[in-house]
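Shown next: input.pdb, containing PDB, C-alpha atoms.
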```
ATOM      1  CA  MET A   1       0.393-139.490 -32.460
ATOM      2  CA  GLY A   2       3.216-138.243 -30.343
ATOM      3  CA  ASN A   3       2.064-134.638 -30.508
ATOM      4  CA  ALA A   4      -1.585-135.258 -29.607
ATOM      5  CA  LYS A   5      -0.834-133.506 -26.339
ATOM      6  CA  SER A   6       0.496-130.370 -28.030
ATOM      7  CA  VAL A   7      -2.550-130.284 -30.303
ATOM      8  CA  ARG A   8      -4.774-130.433 -27.261
ATOM      9  CA  ARG A   9      -2.782-127.647 -25.653
ATOM     10  CA  THR A  10      -3.161-125.507 -28.790
ATOM     11  CA  ALA A  11      -6.899-126.179 -28.750
ATOM     12  CA  LEU A  12      -7.015-125.094 -25.119
ATOM     13  CA  PHE A  13      -5.116-121.885 -25.897
ATOM     14  CA  ILE A  14      -7.474-121.070 -28.747
ATOM     15  CA  THR A  15     -10.485-121.726 -26.545
ATOM     16  CA  ILE A  16      -9.104-119.435 -23.866
ATOM     17  CA  PHE A  17      -8.380-116.789 -26.497
ATOM     18  CA  LEU A  18     -11.950-116.975 -27.790
ATOM     19  CA  ILE A  19     -13.399-116.762 -24.294
ATOM     20  CA  LEU A  20     -11.152-113.772 -23.554
ATOM     21  CA  VAL A  21     -12.299-111.951 -26.694
ATOM     22  CA  THR A  22     -15.916-112.578 -25.737
ATOM     23  CA  ALA A  23     -15.356-111.442 -22.161
ATOM     24  CA  VAL A  24     -13.536-108.263 -23.201
ATOM     25  CA  SER A  25     -16.279-107.458 -25.715
ATOM     26  CA  ALA A  26     -18.955-107.982 -23.101
ATOM     27  CA  GLY A  27     -16.958-105.820 -20.697
ATOM     28  CA  CYS A  28     -16.713-103.050 -23.293
ATOM     29  CA  LEU A  29     -20.450-103.185 -23.868
ATOM     30  CA  PHE A  30     -21.178-102.795 -20.186
ATOM     31  CA  ALA A  31     -18.556-100.118 -19.662
ATOM     32  CA  ALA A  32     -19.726 -98.105 -22.642
ATOM     33  CA  ALA A  33     -23.392 -98.249 -21.770
ATOM     34  CA  PRO A  34     -25.139 -95.406 -23.535
ATOM     35  CA  PRO A  35     -24.729 -92.217 -21.524
ATOM     36  CA  SER A  36     -27.908 -91.404 -19.696
ATOM     37  CA  ARG A  37     -29.312 -88.513 -21.614
ATOM     38  CA  GLY A  38     -31.010 -85.710 -19.865
ATOM     39  CA  PRO A  39     -34.319 -84.175 -20.750
ATOM     40  CA  VAL A  40     -34.766 -83.003 -24.327
ATOM     41  CA  ALA A  41     -37.399 -80.452 -25.228
ATOM     42  CA  GLU A  42     -39.085 -81.127 -28.534
ATOM     43  CA  ILE A  43     -41.064 -78.489 -30.359
ATOM     44  CA  TYR A  44     -43.697 -79.704 -32.764
ATOM     45  CA  GLN A  45     -45.541 -77.560 -35.244
ATOM     46  CA  ASN A  46     -48.622 -79.138 -36.800
ATOM     47  CA  GLY A  47     -47.309 -82.523 -35.715
ATOM     48  CA  LEU A  48     -43.851 -82.071 -37.214
ATOM     49  CA  LEU A  49     -40.777 -81.943 -35.028
ATOM     50  CA  ILE A  50     -39.165 -78.640 -35.883
ATOM     51  CA  ARG A  51     -36.654 -78.268 -33.111
ATOM     52  CA  SER A  52     -35.251 -80.268 -30.225
ATOM     53  CA  ILE A  53     -33.170 -78.786 -27.454
ATOM     54  CA  PRO A  54     -31.224 -80.787 -24.860
ATOM     55  CA  LEU A  55     -32.262 -78.947 -21.722
ATOM     56  CA  ASP A  56     -29.360 -80.122 -19.594
ATOM     57  CA  GLN A  57     -26.921 -78.387 -21.931
ATOM     58  CA  VAL A  58     -28.528 -75.003 -21.535
ATOM     59  CA  SER A  59     -26.521 -72.737 -19.266
ATOM     60  CA  GLU A  60     -27.897 -69.322 -20.234
ATOM     61  CA  PRO A  61     -31.568 -68.714 -20.868
ATOM     62  CA  PHE A  62     -32.386 -67.837 -24.445
ATOM     63  CA  SER A  63     -35.520 -67.207 -26.395
ATOM     64  CA  PHE A  64     -36.623 -67.483 -29.980
ATOM     65  CA  LEU A  65     -39.661 -66.815 -32.058
ATOM     66  CA  ILE A  66     -41.650 -69.461 -33.862
ATOM     67  CA  GLU A  67     -44.010 -68.399 -36.594
ATOM     68  CA  GLY A  68     -46.898 -70.550 -37.663
ATOM     69  CA  GLU A  69     -48.376 -70.910 -41.100
ATOM     70  CA  ASN A  70     -51.236 -68.563 -40.432
ATOM     71  CA  GLY A  71     -49.136 -65.847 -38.907
ATOM     72  CA  GLY A  72     -49.429 -67.050 -35.319
ATOM     73  CA  ARG A  73     -46.325 -66.296 -33.304
ATOM     74  CA  ASN A  74     -44.976 -67.764 -30.106
ATOM     75  CA  LEU A  75     -41.989 -66.497 -28.238
ATOM     76  CA  ILE A  76     -40.361 -69.466 -26.572
ATOM     77  CA  GLU A  77     -37.868 -69.207 -23.789
ATOM     78  CA  VAL A  78     -35.455 -71.932 -22.833
ATOM     79  CA  ARG A  79     -33.950 -71.941 -19.369
ATOM     80  CA  PRO A  80     -31.572 -74.461 -17.855
ATOM     81  CA  GLY A  81     -33.779 -77.523 -17.413
ATOM     82  CA  SER A  82     -37.073 -75.981 -18.432
ATOM     83  CA  ILE A  83     -38.917 -74.470 -21.347
ATOM     84  CA  GLY A  84     -42.024 -72.395 -21.780
ATOM     85  CA  VAL A  85     -43.866 -69.851 -23.885
ATOM     86  CA  LEU A  86     -43.277 -66.213 -22.943
ATOM     87  CA  GLN A  87     -45.571 -64.516 -25.422
ATOM     88  CA  ALA A  88     -48.163 -65.657 -27.871
ATOM     89  CA  ASP A  89     -50.465 -63.776 -30.170
ATOM     90  CA  CYS A  90     -53.270 -66.257 -29.844
ATOM     91  CA  PRO A  91     -56.460 -65.135 -28.132
ATOM     92  CA  ASP A  92     -56.588 -67.494 -25.172
ATOM     93  CA  GLN A  93     -52.957 -67.357 -23.982
ATOM     94  CA  ILE A  94     -53.274 -70.822 -22.463
ATOM     95  CA  CYS A  95     -49.747 -71.772 -23.480
ATOM     96  CA  VAL A  96     -48.340 -68.717 -21.746
ATOM     97  CA  ARG A  97     -50.279 -69.472 -18.592
ATOM     98  CA  GLN A  98     -49.008 -73.019 -18.543
ATOM     99  CA  GLY A  99     -45.683 -71.533 -17.596
ATOM    100  CA  PHE A 100     -42.434 -73.436 -17.744
ATOM    101  CA  ILE A 101     -42.299 -77.191 -17.834
ATOM    102  CA  ASP A 102     -39.433 -79.432 -16.800
ATOM    103  CA  SER A 103     -40.941 -82.896 -17.021
ATOM    104  CA  PRO A 104     -42.666 -85.012 -19.695
ATOM    105  CA  LEU A 105     -45.892 -85.044 -17.697
ATOM    106  CA  ILE A 106     -47.752 -82.126 -19.269
ATOM    107  CA  PRO A 107     -46.761 -80.727 -22.642
ATOM    108  CA  VAL A 108     -47.214 -77.070 -23.431
ATOM    109  CA  ALA A 109     -49.664 -76.645 -26.262
ATOM    110  CA  CYS A 110     -50.743 -73.658 -28.273
ATOM    111  CA  VAL A 111     -53.610 -75.107 -30.238
ATOM    112  CA  PRO A 112     -54.433 -72.063 -32.392
ATOM    113  CA  ASN A 113     -50.878 -71.999 -33.732
ATOM    114  CA  GLY A 114     -50.516 -75.772 -33.927
ATOM    115  CA  LEU A 115     -47.592 -75.719 -31.529
ATOM    116  CA  VAL A 116     -46.738 -78.374 -28.975
ATOM    117  CA  ILE A 117     -43.703 -78.429 -26.736
ATOM    118  CA  LEU A 118     -42.981 -81.597 -24.881
ATOM    119  CA  ILE A 119     -40.095 -82.937 -22.900
ATOM    120  CA  ARG A 120     -38.664 -86.312 -23.582
ATOM    121  CA  ASN A 121     -36.680 -87.955 -20.876
ATOM    122  CA  ASP A 122     -34.635 -90.814 -22.244
ATOM    123  CA  ALA A 123     -32.915 -91.583 -18.992
ATOM    124  CA  GLU A 124     -34.751 -94.468 -17.419
ATOM    125  CA  THR A 125     -34.834 -92.940 -14.012
ATOM    126  CA  VAL A 126     -37.887 -93.007 -11.881
ATOM    127  CA  SER A 127     -38.700 -89.479 -10.920
ATOM    128  CA  GLU A 128     -38.923 -88.829  -7.226
ATOM    129  CA  SER A 129     -40.980 -85.745  -7.722
ATOM    130  CA  PRO A 130     -44.763 -85.924  -7.518
ATOM    131  CA  ASP A 131     -46.543 -87.084 -10.628
ATOM    132  CA  LEU A 132     -48.896 -84.161 -10.653
ATOM    133  CA  THR A 133     -49.642 -81.133  -8.584
ATOM    134  CA  THR A 134     -52.910 -79.273  -8.778
ATOM    135  CA  TYR A 135     -53.725 -75.908  -7.379
TER     136      TYR A 135
ATOM    137  CA  MET B   1      -5.777-129.773 -62.100
ATOM    138  CA  GLY B   2      -7.425-132.988 -63.168
ATOM    139  CA  THR B   3     -10.915-133.163 -64.535
ATOM    140  CA  LYS B   4     -12.222-134.921 -61.469
ATOM    141  CA  LYS B   5     -10.841-132.350 -59.079
ATOM    142  CA  LEU B   6     -12.104-129.510 -61.250
ATOM    143  CA  THR B   7     -15.569-131.051 -61.202
ATOM    144  CA  VAL B   8     -15.576-131.626 -57.457
ATOM    145  CA  LEU B   9     -14.360-128.111 -56.702
ATOM    146  CA  SER B  10     -16.904-126.633 -59.129
ATOM    147  CA  LEU B  11     -19.636-128.537 -57.298
ATOM    148  CA  TYR B  12     -18.421-127.161 -53.998
ATOM    149  CA  ALA B  13     -18.357-123.649 -55.451
ATOM    150  CA  ALA B  14     -21.912-124.070 -56.751
ATOM    151  CA  LEU B  15     -22.994-125.448 -53.380
ATOM    152  CA  SER B  16     -21.486-122.568 -51.461
ATOM    153  CA  LEU B  17     -23.035-120.052 -53.871
ATOM    154  CA  ALA B  18     -26.420-121.706 -53.365
ATOM    155  CA  ILE B  19     -26.003-121.580 -49.582
ATOM    156  CA  TYR B  20     -24.980-117.935 -49.846
ATOM    157  CA  ALA B  21     -28.050-117.129 -51.939
ATOM    158  CA  ALA B  22     -30.349-119.000 -49.576
ATOM    159  CA  GLU B  23     -28.876-117.214 -46.588
ATOM    160  CA  SER B  24     -29.248-113.776 -48.137
ATOM    161  CA  ALA B  25     -32.968-114.534 -48.468
ATOM    162  CA  LEU B  26     -33.247-115.011 -44.711
ATOM    163  CA  PRO B  27     -34.174-112.034 -42.581
ATOM    164  CA  PRO B  28     -31.224-110.475 -40.744
ATOM    165  CA  LEU B  29     -30.451-112.077 -37.401
ATOM    166  CA  ALA B  30     -29.693-108.890 -35.554
ATOM    167  CA  PRO B  31     -29.972-105.211 -36.441
ATOM    168  CA  ILE B  32     -26.197-104.927 -36.697
ATOM    169  CA  PRO B  33     -24.599-104.309 -40.076
ATOM    170  CA  GLY B  34     -22.341-107.165 -41.038
ATOM    171  CA  PHE B  35     -23.864-109.618 -38.614
ATOM    172  CA  LYS B  36     -24.823-112.827 -40.381
ATOM    173  CA  LEU B  37     -24.522-116.557 -40.008
ATOM    174  CA  GLY B  38     -21.988-116.944 -42.780
ATOM    175  CA  LEU B  39     -23.327-120.361 -43.749
ATOM    176  CA  ALA B  40     -21.246-120.420 -46.934
ATOM    177  CA  ASN B  41     -18.253-120.746 -44.645
ATOM    178  CA  ILE B  42     -19.362-124.345 -44.037
ATOM    179  CA  VAL B  43     -18.076-125.227 -47.498
ATOM    180  CA  THR B  44     -14.751-123.517 -46.874
ATOM    181  CA  LEU B  45     -14.408-125.415 -43.613
ATOM    182  CA  ILE B  46     -15.229-128.749 -45.196
ATOM    183  CA  LEU B  47     -12.608-128.138 -47.861
ATOM    184  CA  LEU B  48     -10.048-127.221 -45.226
ATOM    185  CA  LEU B  49     -10.920-130.335 -43.227
ATOM    186  CA  ARG B  50     -10.586-132.767 -46.099
ATOM    187  CA  GLY B  51      -8.788-130.905 -48.875
ATOM    188  CA  THR B  52      -6.061-128.323 -49.041
ATOM    189  CA  THR B  53      -5.925-124.615 -48.369
ATOM    190  CA  ARG B  54      -5.514-124.129 -52.106
ATOM    191  CA  ASP B  55      -8.825-125.906 -52.809
ATOM    192  CA  ALA B  56     -10.580-123.832 -50.177
ATOM    193  CA  ALA B  57      -9.045-120.611 -51.518
ATOM    194  CA  LEU B  58     -10.115-121.411 -55.079
ATOM    195  CA  VAL B  59     -13.696-122.202 -54.131
ATOM    196  CA  LEU B  60     -13.901-119.184 -51.857
ATOM    197  CA  THR B  61     -12.609-116.832 -54.549
ATOM    198  CA  VAL B  62     -15.026-118.194 -57.118
ATOM    199  CA  ARG B  63     -17.914-117.900 -54.671
ATOM    200  CA  ILE B  64     -17.065-114.335 -53.646
ATOM    201  CA  LEU B  65     -16.638-113.157 -57.237
ATOM    202  CA  LEU B  66     -19.808-114.856 -58.436
ATOM    203  CA  SER B  67     -21.917-113.696 -55.507
ATOM    204  CA  ALA B  68     -20.709-110.115 -55.937
ATOM    205  CA  MET B  69     -21.559-110.221 -59.623
ATOM    206  CA  LEU B  70     -24.935-111.847 -59.079
ATOM    207  CA  PHE B  71     -26.273-110.167 -55.948
ATOM    208  CA  GLY B  72     -23.959-107.485 -54.720
ATOM    209  CA  GLN B  73     -22.316-104.238 -55.488
ATOM    210  CA  ALA B  74     -18.649-103.384 -55.847
ATOM    211  CA  MET B  75     -18.524-102.415 -52.195
ATOM    212  CA  SER B  76     -19.776-105.726 -50.905
ATOM    213  CA  LEU B  77     -17.103-107.425 -52.995
ATOM    214  CA  LEU B  78     -14.457-105.483 -51.116
ATOM    215  CA  TYR B  79     -15.902-106.383 -47.716
ATOM    216  CA  SER B  80     -16.348-110.021 -48.666
ATOM    217  CA  LEU B  81     -12.789-110.249 -49.936
ATOM    218  CA  ALA B  82     -11.340-108.644 -46.816
ATOM    219  CA  GLY B  83     -13.314-110.924 -44.532
ATOM    220  CA  GLY B  84     -12.871-114.023 -46.660
ATOM    221  CA  VAL B  85      -9.122-113.764 -47.217
ATOM    222  CA  CYS B  86      -8.350-112.975 -43.579
ATOM    223  CA  SER B  87     -10.655-115.671 -42.271
ATOM    224  CA  LEU B  88      -9.310-118.277 -44.699
ATOM    225  CA  PHE B  89      -5.732-117.501 -43.741
ATOM    226  CA  VAL B  90      -6.461-117.773 -40.014
ATOM    227  CA  MET B  91      -8.550-120.933 -40.415
ATOM    228  CA  SER B  92      -5.863-122.551 -42.523
ATOM    229  CA  VAL B  93      -3.197-121.877 -39.894
ATOM    230  CA  VAL B  94      -5.419-122.900 -36.983
ATOM    231  CA  ASN B  95      -6.637-126.005 -38.776
ATOM    232  CA  ARG B  96      -3.069-127.072 -39.425
ATOM    233  CA  LEU B  97      -2.056-126.433 -35.827
ATOM    234  CA  LEU B  98      -5.022-128.457 -34.614
ATOM    235  CA  ARG B  99      -4.362-131.264 -37.115
ATOM    236  CA  ARG B 100      -7.890-130.911 -38.567
ATOM    237  CA  ARG B 101      -9.392-132.228 -35.389
ATOM    238  CA  TYR B 102     -11.343-129.278 -33.977
ATOM    239  CA  PRO B 103     -13.552-127.835 -36.736
ATOM    240  CA  LEU B 104     -15.582-125.878 -34.175
ATOM    241  CA  LEU B 105     -12.525-124.006 -32.970
ATOM    242  CA  THR B 106     -11.322-123.478 -36.522
ATOM    243  CA  GLY B 107     -14.739-122.142 -37.485
ATOM    244  CA  ALA B 108     -14.906-119.865 -34.462
ATOM    245  CA  MET B 109     -11.503-118.383 -35.243
ATOM    246  CA  GLY B 110     -12.568-117.955 -38.860
ATOM    247  CA  GLY B 111     -15.772-116.160 -37.895
ATOM    248  CA  LEU B 112     -13.928-113.931 -35.458
ATOM    249  CA  PHE B 113     -11.301-112.846 -37.961
ATOM    250  CA  HIS B 114     -13.827-112.557 -40.767
ATOM    251  CA  ASN B 115     -15.771-109.976 -38.803
ATOM    252  CA  ALA B 116     -12.637-108.224 -37.576
ATOM    253  CA  ALA B 117     -11.277-107.862 -41.108
ATOM    254  CA  GLN B 118     -14.618-106.793 -42.495
ATOM    255  CA  LEU B 119     -14.942-104.107 -39.863
ATOM    256  CA  ALA B 120     -11.397-102.940 -40.555
ATOM    257  CA  ALA B 121     -12.326-102.693 -44.229
ATOM    258  CA  ALA B 122     -15.430-100.732 -43.298
ATOM    259  CA  VAL B 123     -13.348 -98.306 -41.248
ATOM    260  CA  ALA B 124     -10.911 -97.868 -44.140
ATOM    261  CA  VAL B 125     -13.593 -97.458 -46.792
ATOM    262  CA  THR B 126     -15.969 -95.179 -44.941
ATOM    263  CA  ALA B 127     -13.151 -93.341 -43.131
ATOM    264  CA  THR B 128     -15.315 -93.221 -40.037
ATOM    265  CA  PRO B 129     -13.590 -94.743 -37.016
ATOM    266  CA  GLY B 130     -16.975 -94.656 -35.297
ATOM    267  CA  VAL B 131     -17.997 -97.964 -36.827
ATOM    268  CA  ILE B 132     -15.545 -99.597 -34.405
ATOM    269  CA  ALA B 133     -18.425 -99.292 -31.972
ATOM    270  CA  TYR B 134     -19.797-102.436 -33.606
ATOM    271  CA  LEU B 135     -16.693-104.390 -32.603
ATOM    272  CA  PRO B 136     -18.018-105.655 -29.234
ATOM    273  CA  PHE B 137     -21.050-107.034 -31.059
ATOM    274  CA  LEU B 138     -19.324-108.369 -34.133
ATOM    275  CA  LEU B 139     -16.447-110.200 -32.428
ATOM    276  CA  PRO B 140     -18.533-112.453 -30.154
ATOM    277  CA  GLY B 141     -21.037-112.682 -32.997
ATOM    278  CA  GLY B 142     -18.298-113.995 -35.267
ATOM    279  CA  ILE B 143     -17.244-116.533 -32.658
ATOM    280  CA  LEU B 144     -20.820-117.755 -32.167
ATOM    281  CA  THR B 145     -21.668-118.045 -35.840
ATOM    282  CA  GLY B 146     -18.246-119.585 -36.454
ATOM    283  CA  LEU B 147     -18.938-122.249 -33.829
ATOM    284  CA  PHE B 148     -22.228-122.933 -35.583
ATOM    285  CA  THR B 149     -20.716-123.233 -39.049
ATOM    286  CA  GLY B 150     -17.968-125.378 -37.536
ATOM    287  CA  LEU B 151     -20.604-127.667 -36.093
ATOM    288  CA  CYS B 152     -22.368-127.813 -39.449
ATOM    289  CA  ALA B 153     -19.119-128.657 -41.225
ATOM    290  CA  PHE B 154     -18.285-131.297 -38.639
ATOM    291  CA  SER B 155     -21.712-132.916 -39.028
ATOM    292  CA  ALA B 156     -21.769-132.681 -42.804
ATOM    293  CA  ASP B 157     -18.297-134.183 -43.074
ATOM    294  CA  HIS B 158     -19.621-137.629 -42.093
ATOM    295  CA  PHE B 159     -22.144-137.667 -44.919
ATOM    296  CA  LEU B 160     -19.930-136.519 -47.754
ATOM    297  CA  PRO B 161     -18.181-139.250 -49.755
ATOM    298  CA  ARG B 162     -14.437-139.482 -49.359
ATOM    299  CA  SER B 163     -12.990-138.757 -52.728
TER     300      SER B 163
END
```

Could I get this structure in the form of structure tokens?
Amino acid sequence: MGNAKSVRRTALFITIFLILVTAVSAGCLFAAAPPSRGPVAEIYQNGLLIRSIPLDQVSEPFSFLIEGENGGRNLIEVRPGSIGVLQADCPDQICVRQGFIDSPLIPVACVPNGLVILIRNDAETVSESPDLTTY
Amino acid sequence: MGTKKLTVLSLYAALSLAIYAAESALPPLAPIPGFKLGLANIVTLILLLRGTTRDAALVLTVRILLSAMLFGQAMSLLYSLAGGVCSLFVMSVVNRLLRRRYPLLTGAMGGLFHNAAQLAAAVAVTATPGVIAYLPFLLPGGILTGLFTGLCAFSADHFLPRS
């Protein structure tokens, strides 16, 4: 067994190669950690997600109309970082009075038209803003 | 090929097919496509350790063809072939370099190149380079499962009769 030494050296090289591959893979995983996604507004109608808007990609405010099954209409406006209902043809106008929301804390709901707007924040950041403010 | 060798290799092929079938009944280890233990590789490793590359290649081909016909679709045949051929080639070279003495390392290299080749086949077939994103999971996964199958082959080798 004159070449036992060279076999051992080959084994060592292969081991190092395997460790390197593992280390590089682990490095890639850490480097390419999923990009922290900003807030996403999700609009539900009768419990179904009908539209989702990444709020951090909004640069110009825009608005659109959502019509419910029974003719109820809500005019929704999206601004950079926030979303709200501008006009609604429901009697109580609660959704309009809720104003614009920018956090997942309180969703905007228009119960007569079966509409709910909520914000989902996938980034696992602890908000430094107050949990709730009452007036 | 003599009758005895034909019989022995057929038994190995049947064994590896049975292992393959048993493994496909297990729940997936991780929610990553292509990530599996690859237990049937134990048979390939044993054949490399005590037989020739030709024996291992024959048994592997029979197993891949049979398993594709019995359980899989045409696509899985392509992936299995890509992974199997590449892994067998690498294991054969490594095993020869290491003079059959480090089945764990041989198995780890086999697992690594099996997954690499399978992913390359997936990229080619689906024409979506995005699946490369699985590479950092599949490469260490291949090494780990390869070490395990290498260990299994090493342990089983003591209990199999020398023919």

Legend entry - Residue contacts of Pro91 in chain A (12 Å, all atoms listed in the file) excluding same-chain residues fewer than 2 positions away, as a ChimeraX atom specification: /A:72-74,87-89,93-96,110-113

Legend entry - Test item: the PyMOL selection byres ((chain B) within 12 of (chain A)) resolved as a ChimeraX atom specification: /B:90-91,93-113,116,132-144,146-147

Six-sided padding of 5 Å per side, axis-aligned box over range 46-56 of chain B, centre and edges in Å, one decimal, as JSON:
```
{"center_x": -10.4, "center_y": -128.3, "center_z": -48.0, "size_x": 19.7, "size_y": 18.9, "size_z": 19.6}
```

Inset, instruction - Excluding range 45-57 of chain A and residues on its chain fewer than 4 positions from it, collect all residues at most 8 Å away from it, counting all atoms listed in the file, and give them as a PyMOL selection string. - result: chain A and resi 38-41+68+78-82+113-116

Inset, instruction - Determine the residue set returned by the PyMOL selection byres ((chain B and resi 42) around 8) for the present structure, and present it as a PyMOL selection string. - result: chain B and resi 16+38-41+43-46+149-150+152-153

Would you save the residues of that selection, restricted to C-alpha atoms, as a PDB file, in the frame of the given file?
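The resulting file, again.pdb, is reproduced below:
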```
ATOM      1  CA  SER B  16     -21.486-122.568 -51.461  1.00  0.00           C
ATOM      2  CA  GLY B  38     -21.988-116.944 -42.780  1.00  0.00           C
ATOM      3  CA  LEU B  39     -23.327-120.361 -43.749  1.00  0.00           C
ATOM      4  CA  ALA B  40     -21.246-120.420 -46.934  1.00  0.00           C
ATOM      5  CA  ASN B  41     -18.253-120.746 -44.645  1.00  0.00           C
ATOM      6  CA  VAL B  43     -18.076-125.227 -47.498  1.00  0.00           C
ATOM      7  CA  THR B  44     -14.751-123.517 -46.874  1.00  0.00           C
ATOM      8  CA  LEU B  45     -14.408-125.415 -43.613  1.00  0.00           C
ATOM      9  CA  ILE B  46     -15.229-128.749 -45.196  1.00  0.00           C
ATOM     10  CA  THR B 149     -20.716-123.233 -39.049  1.00  0.00           C
ATOM     11  CA  GLY B 150     -17.968-125.378 -37.536  1.00  0.00           C
ATOM     12  CA  CYS B 152     -22.368-127.813 -39.449  1.00  0.00           C
ATOM     13  CA  ALA B 153     -19.119-128.657 -41.225  1.00  0.00           C
TER      14      ALA B 153
END
```

Legend entry - One-decimal distance in Å that lies between CA of Ala74 in chain B and CA of Val123 in chain B: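 Interatomic distance here is 16.3 Å.
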
Range 49-162 of chain B residues near range 3-8 of chain B within 12 Å, closest pair each, using only C-alpha atoms, as a tab-separated table:
```
residue	atom	partner	partner_atom	distance
B:Gly51	CA	B:Lys5	CA	10.5
B:Thr52	CA	B:Lys5	CA	11.8
B:Asp55	CA	B:Lys5	CA	9.2
B:Ala56	CA	B:Val8	CA	11.8
B:Leu58	CA	B:Leu6	CA	10.4
B:Val59	CA	B:Val8	CA	10.2
B:Leu160	CA	B:Val8	CA	11.7
B:Pro161	CA	B:Val8	CA	11.1
B:Arg162	CA	B:Val8	CA	11.3
```

Inset, instruction - Find, counting only C-alpha atoms, the residue in B:Leu119, B:Ala127, B:Leu151, B:Cys86 that gets nearest to Pro33 in chain B. - result: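 Ranked by minimum distance to Pro33 in chain B, first place goes to B:Leu119.
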
Legend entry - Given only C-alpha atoms as the counted atoms, nearest of B:Ala156, B:Ala68, B:Leu77, B:Val85 to Ala122 in chain B: B:Leu77

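CA of Ile83 in chain A is found 10.6 Å from CA of Gln98 in chain A.
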
Legend entry - Target residues per the PyMOL selection byres ((chain B and resi 121) around 10), formatted as a ChimeraX atom specification: /B:78-83,115-120,122-127

Once you have the residues from the selection above, write them out as a PDB file, keeping the file's coordinate frame, restricted to C-alpha atoms.
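The file below, out.pdb, is the result:
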```
ATOM      1  CA  LEU B  78     -14.457-105.483 -51.116  1.00  0.00           C
ATOM      2  CA  TYR B  79     -15.902-106.383 -47.716  1.00  0.00           C
ATOM      3  CA  SER B  80     -16.348-110.021 -48.666  1.00  0.00           C
ATOM      4  CA  LEU B  81     -12.789-110.249 -49.936  1.00  0.00           C
ATOM      5  CA  ALA B  82     -11.340-108.644 -46.816  1.00  0.00           C
ATOM      6  CA  GLY B  83     -13.314-110.924 -44.532  1.00  0.00           C
ATOM      7  CA  ASN B 115     -15.771-109.976 -38.803  1.00  0.00           C
ATOM      8  CA  ALA B 116     -12.637-108.224 -37.576  1.00  0.00           C
ATOM      9  CA  ALA B 117     -11.277-107.862 -41.108  1.00  0.00           C
ATOM     10  CA  GLN B 118     -14.618-106.793 -42.495  1.00  0.00           C
ATOM     11  CA  LEU B 119     -14.942-104.107 -39.863  1.00  0.00           C
ATOM     12  CA  ALA B 120     -11.397-102.940 -40.555  1.00  0.00           C
ATOM     13  CA  ALA B 122     -15.430-100.732 -43.298  1.00  0.00           C
ATOM     14  CA  VAL B 123     -13.348 -98.306 -41.248  1.00  0.00           C
ATOM     15  CA  ALA B 124     -10.911 -97.868 -44.140  1.00  0.00           C
ATOM     16  CA  VAL B 125     -13.593 -97.458 -46.792  1.00  0.00           C
ATOM     17  CA  THR B 126     -15.969 -95.179 -44.941  1.00  0.00           C
ATOM     18  CA  ALA B 127     -13.151 -93.341 -43.131  1.00  0.00           C
TER      19      ALA B 127
END
```

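Separating CA of Ser10 in chain B from CA of His114 in chain B is a distance of 23.3 Å.
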
Legend entry - Nearest-residue call for Asn70 in chain A, choices A:Ile16, A:Val108, A:Cys90, A:Gly84, using only C-alpha atoms: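 Smallest distance to Asn70 in chain A is found for A:Cys90.
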
Legend entry - Nearest candidate to Leu66 in chain B (options B:Leu47, B:Ala13, B:Leu88, B:Val131; using only C-alpha atoms):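 Using only C-alpha atoms, the shortest distance to Leu66 in chain B belongs to B:Ala13.
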
Legend entry - Among listed residues B:Pro129, B:Gly84, B:Phe89, B:Ala30, nearest Thr61 in chain B (using all atoms listed in the file):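 Of B:Pro129, B:Gly84, B:Phe89, B:Ala30, the one nearest Thr61 in chain B, counting all atoms listed in the file, is B:Gly84.
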